[in-house]
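Novice: Can you read through this structure? Questions will come right after.
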Amino acid sequence: MPFFRYKVRDAEGNLLEGQAEAFSADALASQFQASHTIPISITETEEKQNLDLGKYLKLRRKTKVKLDDLILFCRQMYTLNSSGVPLVRALRGLVETSRNPTLGEALATVVNDLESGMELSGAFSRHAKVFPALLCRMVQVGEVTGKLDEVFMQLAVYFEREKDTINKVKAALRYPSFVLVAIAMAIVFISLFVIPAFEKVFASAGAQLPLATRILMGISSFMQSYWPVLLGFFILLIIAVQQGLKTTKGRYFWDRYKLKIPLVGDIILRSTLVRFSRGFNMSYTAGIPLSQALGFTARAVSNTYVGGKIEAIRNGIERGDTLTRSATQTGMFTPLVLQMLAVGEESGSVDVMLEDVAEFYEREVDYDLKNLSSAIEPIMIVIIGGMVLVLALGVFLPMWNLSSITR
């Protein structure tokens, strides 16, 4: 059957546009009239297109769906659902107004799946790179309980808190990262341009140079001779690291190693545990079974090492252990948190205790982030002071010796 583009007005006078399949334009008009909808225009199209996307989304560069996109999407879905807008109609509007082409294409496919009879959670789960597993599972719970709008609001709040935690960690690491990059650039500049200029002066004097100066000149000479090799090695190293992080073992190794970085690793661990507590609490409160809630939360923390520990908790519960005992065996939680979990199990208020655990870790992360700069500054001062000392010994000491000789 051919496809037709249509413009109609519903019983409330709202203008609707879309695409439908019918035997003829007259047959489609009869369908609209039977549903008390007034057809304005019906034109046949050559082939089926995805919800007015046409070639627009196909020509746009695909971008990764970020937390900002998911937050906006969840809030829009909450508003539309709570206002009583039909699900397919709501998603059609989001497809046409989506600022992220990848999300728009995924939603277009979701609408087509819904029209073919698939559930919303199943349609979401077909796009694992766009919609997290936790979102799909929570939507499934909302479909069963009839509280889909509340689920989307809970997801929006969860993603907002997650984004806030990530932004705080990035802001705390921005200063030391900038300083380290500046130091590296200064070393390269001094080695390639500054030291060679002094090398000519030292060579013309013919005097015995100090050890520090000879070391600096050797490093400078090596970098001048082999800088293309060093540059190529650096580029290959970046590519190798990127490819390694795409593998399961490489990702697991990095996720485990970054938790042991001095000053920063403990903050990353606790921020990850905040995400675990929030996600687990949201799933458990929604009525997802404890074992399944742990499984979905393990994939939602975005850390394979911590996710493996959460899977260990899940396995322990499936073997018959308590939540507190299984959490103790992982070694990730402090005694205070374990005590809070034990109280929650005994009182039947695990969800309340999980919320308290999340707030406890958030307070610790906020405190550490505020003090991180003051803890890193002395280290940066020592590094910069060491560079100045080396340059003073390597460059200015022989100049002072030469000036004393000339006298």
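By convention here, the chains of the structure tokens are called A, B, ... in the order presented, each chain's residues are numbered starting at 1, and ligands are numbered starting at 1 in the order presented.
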Would you please give, as a count of residues only, all residues of range 121-353 of chain A that DSSP assigns to helix (DSSP H, G or I) based on the backbone?
Specialist: 196
Novice: Looking at A:Val169, A:Leu16, A:Ala298, A:Ala133, which one is nearest to Asn315 in chain A, with distances taken over only C-alpha atoms?
Specialist: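 Looking only at the distances to Asn315 in chain A, the closest residue turns out to be A:Ala298.
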Novice: Please provide as a list in words all residues within 10 Å of Leu72 in chain A, with the sequence filter that same-chain residues fewer than 4 positions apart are discarded (counting only C-alpha atoms).
Specialist: Leu67, Asp68, Gln76, Met77, Tyr78, Ser98, Ala156, Phe159 and Glu160 of chain A
Novice: For CA of Ile219 in chain A and CA of Leu237 in chain A, quote the distance in Å rounded to one decimal.
Specialist: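 Value for the CA of Ile219 in chain A-CA of Leu237 in chain A distance: 20.8 Å.
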Novice: Can you tell me, as a PDB file with C-alpha atoms, in the first residue's frame, what residues are no more than 8 Å from range 341-343 of chain A when counting only C-alpha atoms, ignoring any on the same chain fewer than 5 positions away?
Specialist:
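Result went into around27.pdb, see below:
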```pdb
ATOM      1  CA  LEU A 323      22.610  -7.441  51.679  1.00  0.00           C
ATOM      2  CA  THR A 324      24.863  -6.210  54.485  1.00  0.00           C
ATOM      3  CA  VAL A 350      16.400  -0.291  52.852  1.00  0.00           C
ATOM      4  CA  MET A 353      18.908   3.890  54.278  1.00  0.00           C
ATOM      5  CA  LEU A 354      20.127   3.938  50.664  1.00  0.00           C
TER       6      LEU A 354
END
```
Novice: So that each row is one residue of range 357-400 of chain A with an atom at most 9 Å from range 176-193 of chain A, can you give its shortest atom pair and the distance in Å to one decimal, using only C-alpha atoms, rows by chain and rising number, as a Markdown table?
Specialist:
```
| residue | atom | partner | partner_atom | distance |
| --- | --- | --- | --- | --- |
| A:Ser373 | CA | A:Pro176 | CA | 7.9 |
| A:Ile376 | CA | A:Pro176 | CA | 7.1 |
| A:Glu377 | CA | A:Pro176 | CA | 8.1 |
| A:Met380 | CA | A:Val179 | CA | 7.4 |
| A:Ile383 | CA | A:Ile183 | CA | 8.7 |
| A:Ile384 | CA | A:Ile183 | CA | 7.6 |
| A:Met387 | CA | A:Ile187 | CA | 8.6 |
```
Novice: Just to be explicit: take each residue in the selection above, keep C-alpha atoms, and write the result as an mmCIF file, in the first residue's frame.
Specialist:
```
data_model
loop_
_atom_site.group_PDB
_atom_site.id
_atom_site.type_symbol
_atom_site.label_atom_id
_atom_site.label_comp_id
_atom_site.auth_asym_id
_atom_site.auth_seq_id
_atom_site.Cartn_x
_atom_site.Cartn_y
_atom_site.Cartn_z
ATOM 1 C CA SER A 373 42.804 22.294 45.256
ATOM 2 C CA ILE A 376 47.219 19.708 45.187
ATOM 3 C CA GLU A 377 48.693 23.215 45.255
ATOM 4 C CA MET A 380 52.300 21.710 42.060
ATOM 5 C CA ILE A 383 57.089 20.424 40.879
ATOM 6 C CA ILE A 384 57.430 23.974 39.548
ATOM 7 C CA MET A 387 61.903 22.806 37.418
#
```
Novice: I'd like to know which of A:Ala327, A:Val301, A:Val365, A:Met282 is closest to Gln154 in chain A, using only C-alpha atoms.
Specialist: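 Closest residue, counting only C-alpha atoms: A:Met282.
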Novice: At what distance in Å, to one decimal, does CA of Ser302 in chain A lie from CA of Lys249 in chain A?
Specialist: 14.6 Å
Novice: Would you work out the distance separating CA of Ser271 in chain A from CA of Gly295 in chain A, expressed in Å to one decimal?
Specialist: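 So the answer is 19.0 Å.
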Novice: For Leu103 in chain A, please output as a PyMOL selection string all residues within 9 Å (counting only C-alpha atoms; exclusion window: fewer than 3 positions along the same chain).
Specialist: chain A and resi 63-65+69-70+95+98-100+106-108+130-131
Novice: For Phe253 in chain A, list every protein, DNA or RNA residue within 10 Å, evaluated using only C-alpha atoms, and leave out those in the same chain fewer than 6 positions away; present the list as a PyMOL selection string.
Specialist: chain A and resi 244-245+247+304-305
Novice: Given only C-alpha atoms as the basis, pick out the residue of A:Leu120, A:Met332, A:Leu91, A:Met217 nearest to Phe202 in chain A.
Specialist: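 Ranked by minimum distance to Phe202 in chain A, first place goes to A:Met217.
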